[in-house]
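Novice: Below is one structure. I have some questions about it.
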Protein chains: 2
Amino acid sequence: MPENRQPHVVVVGAGFAGLNVVRALKKAPVSITVIDRTNHHLFQPLLYQVATASLSPADIAAPIRAVVRRQKNVRVLLADVVGIELVAKTVTLDDGEVVGWDYLVLATGSTHSYFGHPEWETHARGLKTLDDAIAIRNEVLLAFEAAERSRTEEERARNLSFVIVGGGPTGVELAGAIAEIARYSLARDFDTIDPTQASIQLLEGAPRILLAFPDSLAGKAQRELEKLGVRVRLGSMVTAIDEHGVTLADGERIEASTLLWAAGVQASPIGRIAGLETDRVGRIPVQADLRVAGYESVFVAGDLALLNGPRGKPYPGVAQVAIQQGKKVAANVSAMVAGEPLTAFRYQDRGNMATVGRNYAIAEIWKLRLTGFPAWLTWIFVHIAYLIGFRNRVFVLFQWAYGYLTYHRRVRLITRPGKQID
Amino acid sequence: MPENRQPHVVVVGAGFAGLNVVRALKKAPVSITVIDRTNHHLFQPLLYQVATASLSPADIAAPIRAVVRRQKNVRVLLADVVGIELVAKTVTLDDGEVVGWDYLVLATGSTHSYFGHPEWETHARGLKTLDDAIAIRNEVLLAFEAAERSRTEEERARNLSFVIVGGGPTGVELAGAIAEIARYSLARDFDTIDPTQASIQLLEGAPRILLAFPDSLAGKAQRELEKLGVRVRLGSMVTAIDEHGVTLADGERIEASTLLWAAGVQASPIGRIAGLETDRVGRIPVQADLRVAGYESVFVAGDLALLNGPRGKPYPGVAQVAIQQGKKVAANVSAMVAGEPLTAFRYQDRGNMATVGRNYAIAEIWKLRLTGFPAWLTWIFVHIAYLIGFRNRVFVLFQWAYGYLTYHRRVRLITRPGKQID
């Protein structure tokens with residue numbers, strides 16, 4: 001690190017929250033170290049498009065160093081944080097290096113939760129990282145290859161059976177995209193596969209999908225999914241998962257070679273590493289100024305932070321909240337450095353969207369409810385606008401336009417050798 | 001397979017040779033099964049661009065099913081061939097399925113050869129598959145990350161030391177691209193790395209690099225490499241490789257965290273599986289009509305085939321030979337089906353090219369020798385023209401244009417978790 005007397009801000013995590021802290025401190029009289037275990041910032045809202053072979057990993061991921069290249073006061077470290085000393089004001093990295101800080105920002109986000117069944121992870125992968133997306137892409141594509149090679153109808157049916165657990169936006173987006181793959185784009189390439197044979201089931205424990213959306217929009221999304229051939233099963237609780245399928249609470253057994261998990265998330269374990277109080281899912285409670293009570297220079301932002309909104313409910317773990325909290329943390333760090341008073345986080349809800357398949361979406365934006373193609377176009381442009389890095393935007397727009405016009409799934413690569421076809 | 005009485009052609013391998021057999025049999029009265037262990041056709045000449053973060057895997061790989069989608073007489077199987085019965089005329093797949101054939105085409109190409117030291121593969125990866133390219137990309141990018149975190153100058157120097165073994169086109173292309181990464185594009189993103197510290201050494205056992213090119217062109221390529229900062233070491237035989245570096249025949253030790261192997265290739269082991277006679281490196285000798293002596297319906301094409309050219313030297317293992325042999329096999333299969341005489345393979349040498357870094361190449365085309373930027377432009381257009389699939393061409397041209405104008409390495413993603421930084 002360059003020799004200077006400026007306060008040192010350590011930001012752990014370069015997702016939406018962490019990166020927005022860094023960028024908003026561009027002109028602040030501080031030096032910054034941002035630490036992440038991967039070398040890229042990931043545009044998570046489009047991760048399902050990588051998982052379903054529409055976009056390449058590089059389209060939705062930007063190297064952190066490239067994102068902050070022009071910002072002089074930042075140092076980037078590819079590392080895992082294995083220890084945090086809140087009194088001594090240090091973090092310890094996986095190679096033993098100890099980094100001191102004046103201000104600490106924890107923004108490590110969330111990961112999957114299997115509701116006390118960690119063994120389910122082996123059979124039903126979740127979608128949080130680029131590696132998850134590539135693994136799911138391989139799994140889905142290999143299922144079709146295995147179906148083509150199946151020698152009995154029973155085996156073929158199992159290979160063409162896809163179960164997605166969890167009816168939130170990720171589950172809906174995965175189910176819609178897989179239905180399109182199965183029934184339109186991919187299926188045409190196989191000789192022995194009848195597209196209508198494919199079974200795509202979306203399991204949701206609650207009485208409806210997309211709980212974060214108004215009832216009417218969620219209902220329309222469900223009908224659209226059903227038009228694509230997805231069987232939406234509400235009130236379906238999963239009680240067991242193994243490599244060949246799932247068992248429901250009523251005893252029903254669903255055979256499926258591909259099981260995907262979009263049901264639960266928990267916070268990253270960094271709260272425990274720091275010895276901080278956390279809630280049931282690992283989130284760290286923060287004050288309205290996004291600091292941890294009792295630690296005047298420790299901030300938490302994004303999915304990792306637990307803060308109640310004006311209606312008494314915690315802010316949801318979505319990109320908009322993380323981005324806005326990141327900016328607020330930066331403003332409050334600047335305020336502390338300048339000896340000015342801190343201000344409270346206030347969320348500007350810019351709306352909520354989810355896509356269903358190739359050209360349908362639902363959106364709720366400033367009280368406006370959109371469905372269908374207009375919502376889908378809005379979705380495209382909002383996501384393009386937020387993609388970090390000009391080049392990715394142009395490329396992704398191109399690929400969408402092309403994919404839309406031709407129904408192709410360009411990125412149908414099975415990588416990673418050694419994966420067995422069952 | 002559809003019920004019919006047409007002769008059945010089984011093609012093993014969907015590289016340049018195999019795919020050209022399939023495509024040239026489009027209108028032939030045969031049914032075709034093409035078997036490959038991956039689901040994609042790979043444009044191998046550009047593989048080093050994936051390994052050095054200029055192109056995405058999807059830019060140079062096309063799903064085999066997509067390539068042959070419109071061809072009605074083809075069935076595609078993702079499988080490993082584990083047995084070949086030349087008398088019974090069957091191949092056995094890894095799942096036990098037995099596929100009968102009337103004509104068999106072996107086109108499984110080549111893999112790395114470590115000259116009797118298979119244990120070197122762990123430390124010095126070769127570049128033949130998409131997975132190799134992604135692994136090399138990770139390794140190179142992680143070396144810079146490790147350098148940034150190094151605590152001693154010695155450790156940093158080792159992390160910034162790159163050794164490429166083998167001065168053929170692949171070695172030259174890798175060395176040039178890594179030199180540019182180290183000295184220009186990537187190095188700017190790091191705080192503690194001095195680009196001139198990076199050491200890139202290209203080791204070649206022969207007295208010069210690029211033996212397939214005329215002396216004058218090879219000399220120019222070498223000088224260009226040296227301008228980029230590559231140390232080209234001729235007459236350097238490697239006698240030992242371990243995880244920290246290489247030892248040369250004269251006892252010199254070179255410390256390097258990144259070792260890449262571009263020195264030797266051998267044919268895929270399918271000749272042995274079939275019980276056929278092979279040469280020292282596993283190639284199967286063929287007659288001028290590309291059939292194996294003694295087996296009138298078994299053809300071999302591409303890197304796997306051993307056939308001497310007019311000057312008594314075997315045809316080299318390059319894309320042009322594979323493409324032309326593939327077409328010849330298709331013509332001879334058609335001739336046999338029609339009861340017409342077979343014809344001998346004649347190679348039309350369209351020339352030879354190699355790139356050195358971002359905008360320099362050497363080319364020998366129809367006796368014309370080009371160097372520098374004109375050769376580089378020629379190289380670009382020849383490669384674009386041969387990229388299978390219109391879409392990839394446009395995308396790759398875009399990315400090259402962008403990368404050329406900006407010096408960016410867009411695809412700087414470290415994927416695959418669990419890789420340790422040393």
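Just remember, in the structure tokens the first chain shown is A, the second B, etc., residues are 1-based per chain, and ligands are 1-based in the order shown.
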Near chain A, which residues of chain B fall within 6 Å when you count only C-alpha atoms, and what do they look like as a PyMOL selection string?

Specialist: chain B and resi 58+65+69+189+411

Novice: Take the residues just selected and output them with C-alpha atoms as a PDB file, in the first residue's frame.

Specialist:
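Below is the file out07.pdb, written as the result:
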ATOM      1  CA  ALA B  58     -18.281 -19.955 -26.663  1.00  0.00           C
ATOM      2  CA  ARG B  65     -25.753 -30.631 -32.817  1.00  0.00           C
ATOM      3  CA  ARG B  69     -28.889 -29.362 -37.318  1.00  0.00           C
ATOM      4  CA  ASP B 189      -4.331  -3.104 -12.913  1.00  0.00           C
ATOM      5  CA  VAL B 411     -12.455 -12.483 -20.428  1.00  0.00           C
TER       6      VAL B 411
END

Novice: Can you pull out the residues contacting Lys328 (chain A)? Cut-off 12 Å, using only C-alpha atoms, and skip same-chain residues under 3 positions away; I want them as JSON, numbers by chain.

Specialist: {"A": [17, 18, 20, 21, 22, 23, 24, 25, 105, 288, 289, 290, 291, 299, 300, 301, 302, 321, 322, 323, 324, 325, 331, 332, 333, 334, 335, 342, 343, 344, 345, 346, 347, 348]}

Novice: Ranking A:Ile380, A:Ala157, A:Leu127, A:Ala175 by minimum distance to Asp194 (chain A) and counting only C-alpha atoms, which one comes first?

Specialist: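 Closest residue, counting only C-alpha atoms: A:Ala157.
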
Novice: What does the distance between CA of Leu203 (chain B) and CA of Thr371 (chain B) come to in Å, to one decimal place?

Specialist: 22.7 Å

Novice: Which neighbours of Leu104 (chain B) fall inside 7 Å, counting only C-alpha atoms, when residues of the same chain fewer than 5 positions from it are skipped, and could you give them as a PyMOL selection string?

Specialist: chain B and resi 9-11+297-299

Novice: Can you list, as number ranges by chain, every residue of region 38-92 of chain A that DSSP puts in strand (DSSP E)?

Specialist: A: 40-42, 61-63, 74-78, 81-85, 90-92

Novice: Distance CA of Asp279 (chain B)-CA of Ala107 (chain B), one decimal place?

Specialist: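 Straight-line distance from CA of Asp279 (chain B) to CA of Ala107 (chain B) works out to 15.9 Å.
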
Novice: Can you tell me, as a compact mmCIF listing (two decimals) with N, CA, C and O atoms, in the first residue's frame, what residues are no more than 10 Å from region 181-185 of chain A when counting only C-alpha atoms, ignoring any on the same chain fewer than 4 positions away?

Specialist:
# COMPACT_ATOMS: atom_id res chain seq x y z
N THR A 52 -28.61 -21.21 -18.22
CA THR A 52 -29.47 -21.79 -19.25
C THR A 52 -28.93 -21.48 -20.65
O THR A 52 -29.68 -21.48 -21.62
N ALA A 53 -27.63 -21.22 -20.75
CA ALA A 53 -26.90 -21.20 -22.02
C ALA A 53 -27.25 -20.05 -22.95
O ALA A 53 -27.06 -20.13 -24.16
N VAL A 140 -27.83 -29.45 -17.13
CA VAL A 140 -29.02 -29.39 -17.99
C VAL A 140 -28.68 -29.96 -19.38
O VAL A 140 -29.42 -30.78 -19.94
N LEU A 141 -27.54 -29.53 -19.94
CA LEU A 141 -27.19 -30.00 -21.29
C LEU A 141 -26.91 -31.50 -21.29
O LEU A 141 -27.30 -32.22 -22.22
N PHE A 144 -30.05 -33.74 -21.52
CA PHE A 144 -30.57 -33.99 -22.86
C PHE A 144 -29.72 -35.03 -23.60
O PHE A 144 -30.25 -35.88 -24.31
N LEU A 160 -35.43 -36.44 -18.81
CA LEU A 160 -36.10 -35.22 -19.28
C LEU A 160 -36.99 -34.61 -18.22
O LEU A 160 -37.85 -33.80 -18.50
N SER A 161 -36.77 -35.03 -16.96
CA SER A 161 -37.57 -34.49 -15.86
C SER A 161 -36.72 -33.51 -15.06
O SER A 161 -35.64 -33.83 -14.59
N PHE A 162 -37.20 -32.27 -14.95
CA PHE A 162 -36.49 -31.20 -14.27
C PHE A 162 -37.35 -30.68 -13.12
O PHE A 162 -38.51 -30.35 -13.32
N ALA A 175 -37.11 -22.03 -14.31
CA ALA A 175 -38.14 -22.92 -14.85
C ALA A 175 -38.57 -22.48 -16.24
O ALA A 175 -38.70 -23.30 -17.16
N GLY A 176 -38.77 -21.18 -16.41
CA GLY A 176 -39.18 -20.67 -17.71
C GLY A 176 -38.13 -20.95 -18.78
O GLY A 176 -38.43 -21.39 -19.89
N ALA A 177 -36.87 -20.68 -18.43
CA ALA A 177 -35.80 -20.86 -19.42
C ALA A 177 -35.61 -22.33 -19.76
O ALA A 177 -35.38 -22.69 -20.92
N ASP A 189 -32.70 -30.36 -31.81
CA ASP A 189 -31.42 -30.91 -32.24
C ASP A 189 -31.30 -32.41 -32.00
O ASP A 189 -30.30 -33.02 -32.36
N ILE A 193 -35.78 -37.37 -29.09
CA ILE A 193 -36.48 -36.68 -28.01
C ILE A 193 -37.73 -36.01 -28.54
O ILE A 193 -37.69 -35.22 -29.48
N ASP A 194 -38.85 -36.33 -27.91
CA ASP A 194 -40.09 -35.65 -28.22
C ASP A 194 -40.24 -34.51 -27.22
O ASP A 194 -40.39 -34.74 -26.03
N PRO A 195 -40.19 -33.26 -27.71
CA PRO A 195 -40.19 -32.12 -26.79
C PRO A 195 -41.33 -32.15 -25.77
O PRO A 195 -41.16 -31.71 -24.64
N THR A 196 -42.47 -32.69 -26.17
CA THR A 196 -43.58 -32.66 -25.23
C THR A 196 -43.40 -33.67 -24.09
O THR A 196 -44.13 -33.64 -23.11
N GLN A 197 -42.42 -34.56 -24.24
CA GLN A 197 -42.13 -35.52 -23.16
C GLN A 197 -41.49 -34.85 -21.95
O GLN A 197 -41.54 -35.38 -20.85
N ALA A 198 -40.80 -33.74 -22.17
CA ALA A 198 -40.06 -33.13 -21.07
C ALA A 198 -41.02 -32.65 -19.98
O ALA A 198 -42.10 -32.15 -20.27
N SER A 199 -40.60 -32.86 -18.74
CA SER A 199 -41.42 -32.46 -17.61
C SER A 199 -40.64 -31.45 -16.78
O SER A 199 -39.52 -31.72 -16.35
N ILE A 200 -41.21 -30.25 -16.61
CA ILE A 200 -40.55 -29.22 -15.80
C ILE A 200 -41.51 -28.85 -14.68
O ILE A 200 -42.61 -28.36 -14.93
N LEU A 228 -45.86 -22.20 -21.07
CA LEU A 228 -44.57 -22.72 -21.56
C LEU A 228 -44.41 -24.21 -21.26
O LEU A 228 -43.46 -24.83 -21.71
N GLY A 229 -45.33 -24.75 -20.46
CA GLY A 229 -45.24 -26.17 -20.17
C GLY A 229 -44.70 -26.48 -18.79
O GLY A 229 -44.41 -27.65 -18.49
N GLY A 357 -39.46 -16.83 -19.27
CA GLY A 357 -39.19 -17.26 -20.63
C GLY A 357 -38.66 -16.13 -21.49
O GLY A 357 -38.17 -15.11 -21.01
N GLY A 403 -30.44 -14.00 -30.03
CA GLY A 403 -31.14 -15.15 -29.44
C GLY A 403 -32.64 -15.00 -29.60
O GLY A 403 -33.36 -15.96 -29.87
N THR A 406 -33.63 -15.73 -33.26
CA THR A 406 -33.34 -17.05 -33.83
C THR A 406 -33.67 -18.21 -32.90
O THR A 406 -33.59 -19.35 -33.30
N TYR A 407 -33.99 -17.91 -31.64
CA TYR A 407 -34.29 -18.99 -30.70
C TYR A 407 -33.05 -19.80 -30.34
O TYR A 407 -33.14 -20.84 -29.72
N HIS A 408 -31.88 -19.38 -30.81
CA HIS A 408 -30.67 -20.16 -30.52
C HIS A 408 -30.26 -20.02 -29.07
O HIS A 408 -30.50 -19.02 -28.44
N ARG A 409 -29.61 -21.06 -28.61
CA ARG A 409 -28.90 -20.98 -27.33
C ARG A 409 -27.44 -21.11 -27.68
O ARG A 409 -26.95 -22.21 -27.92

Novice: Any idea what's packed within 12 Å of Ser216 (chain A), counting only C-alpha atoms, ignoring anything in its chain fewer than 4 positions away? Could you give it as a count of residues only?

Specialist: 15

Novice: May I ask for the distance between CA of Glu277 (chain A) and CA of His117 (chain A), given in Å to one decimal place?

Specialist: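 Between CA of Glu277 (chain A) and CA of His117 (chain A) the gap is 23.3 Å.
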
Novice: Pick out each residue of region 230-316 of chain A that DSSP on the backbone tags as helix (DSSP H, G or I); I need them as a ChimeraX atom specification.

Specialist: /A:270-273,302-304

Novice: Create the file for the chosen residues now, containing N, CA, C and O atoms and written as a PDB file, in the first residue's frame.

Specialist:
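Wrote it out as result.pdb, contents follow:
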ATOM      1  N   ILE A 270     -19.690 -14.551   7.595  1.00  0.00           N
ATOM      2  CA  ILE A 270     -18.689 -13.605   8.079  1.00  0.00           C
ATOM      3  C   ILE A 270     -19.070 -12.997   9.435  1.00  0.00           C
ATOM      4  O   ILE A 270     -18.193 -12.623  10.229  1.00  0.00           O
ATOM      5  N   GLY A 271     -20.393 -12.943   9.696  1.00  0.00           N
ATOM      6  CA  GLY A 271     -20.822 -12.431  11.003  1.00  0.00           C
ATOM      7  C   GLY A 271     -20.272 -13.289  12.133  1.00  0.00           C
ATOM      8  O   GLY A 271     -19.779 -12.791  13.151  1.00  0.00           O
ATOM      9  N   ARG A 272     -20.304 -14.605  11.910  1.00  0.00           N
ATOM     10  CA  ARG A 272     -19.778 -15.530  12.903  1.00  0.00           C
ATOM     11  C   ARG A 272     -18.260 -15.373  13.035  1.00  0.00           C
ATOM     12  O   ARG A 272     -17.708 -15.362  14.130  1.00  0.00           O
ATOM     13  N   ILE A 273     -17.590 -15.226  11.866  1.00  0.00           N
ATOM     14  CA  ILE A 273     -16.137 -15.048  11.885  1.00  0.00           C
ATOM     15  C   ILE A 273     -15.760 -13.818  12.701  1.00  0.00           C
ATOM     16  O   ILE A 273     -14.769 -13.815  13.436  1.00  0.00           O
ATOM     17  N   GLY A 302     -25.952  -4.550   2.150  1.00  0.00           N
ATOM     18  CA  GLY A 302     -26.414  -5.590   1.225  1.00  0.00           C
ATOM     19  C   GLY A 302     -27.104  -6.744   1.932  1.00  0.00           C
ATOM     20  O   GLY A 302     -27.629  -6.591   3.034  1.00  0.00           O
ATOM     21  N   ASP A 303     -27.093  -7.916   1.289  1.00  0.00           N
ATOM     22  CA  ASP A 303     -27.807  -9.090   1.815  1.00  0.00           C
ATOM     23  C   ASP A 303     -27.382  -9.445   3.232  1.00  0.00           C
ATOM     24  O   ASP A 303     -28.138 -10.089   3.963  1.00  0.00           O
ATOM     25  N   LEU A 304     -26.164  -9.079   3.595  1.00  0.00           N
ATOM     26  CA  LEU A 304     -25.639  -9.446   4.907  1.00  0.00           C
ATOM     27  C   LEU A 304     -26.235  -8.606   6.030  1.00  0.00           C
ATOM     28  O   LEU A 304     -26.221  -9.008   7.193  1.00  0.00           O
TER      29      LEU A 304
END

Novice: Excluding same-chain residues fewer than 6 positions from Glu85 (chain A), what lies within 10 Å of it counting only C-alpha atoms, as a PyMOL selection string?

Specialist: chain A and resi 91-92+98+100+273-275

Novice: Take the residues from that selection and put them in a file with all heavy atoms, as a CSV table (one decimal), in the first residue's frame.

Specialist:
chain,number,residue,atom,x,y,z
A,91,VAL,N,-8.2,-7.4,9.7
A,91,VAL,CA,-8.7,-8.7,9.2
A,91,VAL,C,-7.5,-9.5,8.8
A,91,VAL,O,-6.4,-9.1,8.5
A,91,VAL,CB,-9.6,-8.5,7.9
A,91,VAL,CG1,-10.8,-7.6,8.2
A,91,VAL,CG2,-8.8,-7.9,6.8
A,92,THR,N,-7.7,-10.9,8.9
A,92,THR,CA,-6.7,-11.8,8.6
A,92,THR,C,-7.1,-12.6,7.3
A,92,THR,O,-8.2,-13.0,7.2
A,92,THR,CB,-6.5,-12.8,9.8
A,92,THR,OG1,-6.2,-12.1,11.0
A,92,THR,CG2,-5.3,-13.7,9.5
A,98,VAL,N,-2.1,-10.0,7.6
A,98,VAL,CA,-3.0,-9.2,8.5
A,98,VAL,C,-3.1,-7.8,8.0
A,98,VAL,O,-2.1,-7.1,7.7
A,98,VAL,CB,-2.5,-9.2,10.0
A,98,VAL,CG1,-3.4,-8.3,10.8
A,98,VAL,CG2,-2.4,-10.6,10.5
A,100,GLY,N,-4.7,-4.0,8.5
A,100,GLY,CA,-5.4,-3.1,9.4
A,100,GLY,C,-6.4,-2.2,8.8
A,100,GLY,O,-6.3,-2.0,7.6
A,273,ILE,N,-17.6,-15.2,11.9
A,273,ILE,CA,-16.1,-15.0,11.9
A,273,ILE,C,-15.8,-13.8,12.7
A,273,ILE,O,-14.8,-13.8,13.4
A,273,ILE,CB,-15.6,-14.9,10.4
A,273,ILE,CG1,-15.7,-16.3,9.7
A,273,ILE,CG2,-14.2,-14.4,10.4
A,273,ILE,CD1,-15.4,-16.3,8.3
A,274,ALA,N,-16.6,-12.8,12.6
A,274,ALA,CA,-16.3,-11.5,13.3
A,274,ALA,C,-16.7,-11.6,14.8
A,274,ALA,O,-16.5,-10.7,15.6
A,274,ALA,CB,-16.9,-10.4,12.6
A,275,GLY,N,-17.5,-12.7,15.1
A,275,GLY,CA,-18.0,-12.7,16.5
A,275,GLY,C,-19.1,-11.8,16.8
A,275,GLY,O,-19.4,-11.4,17.9
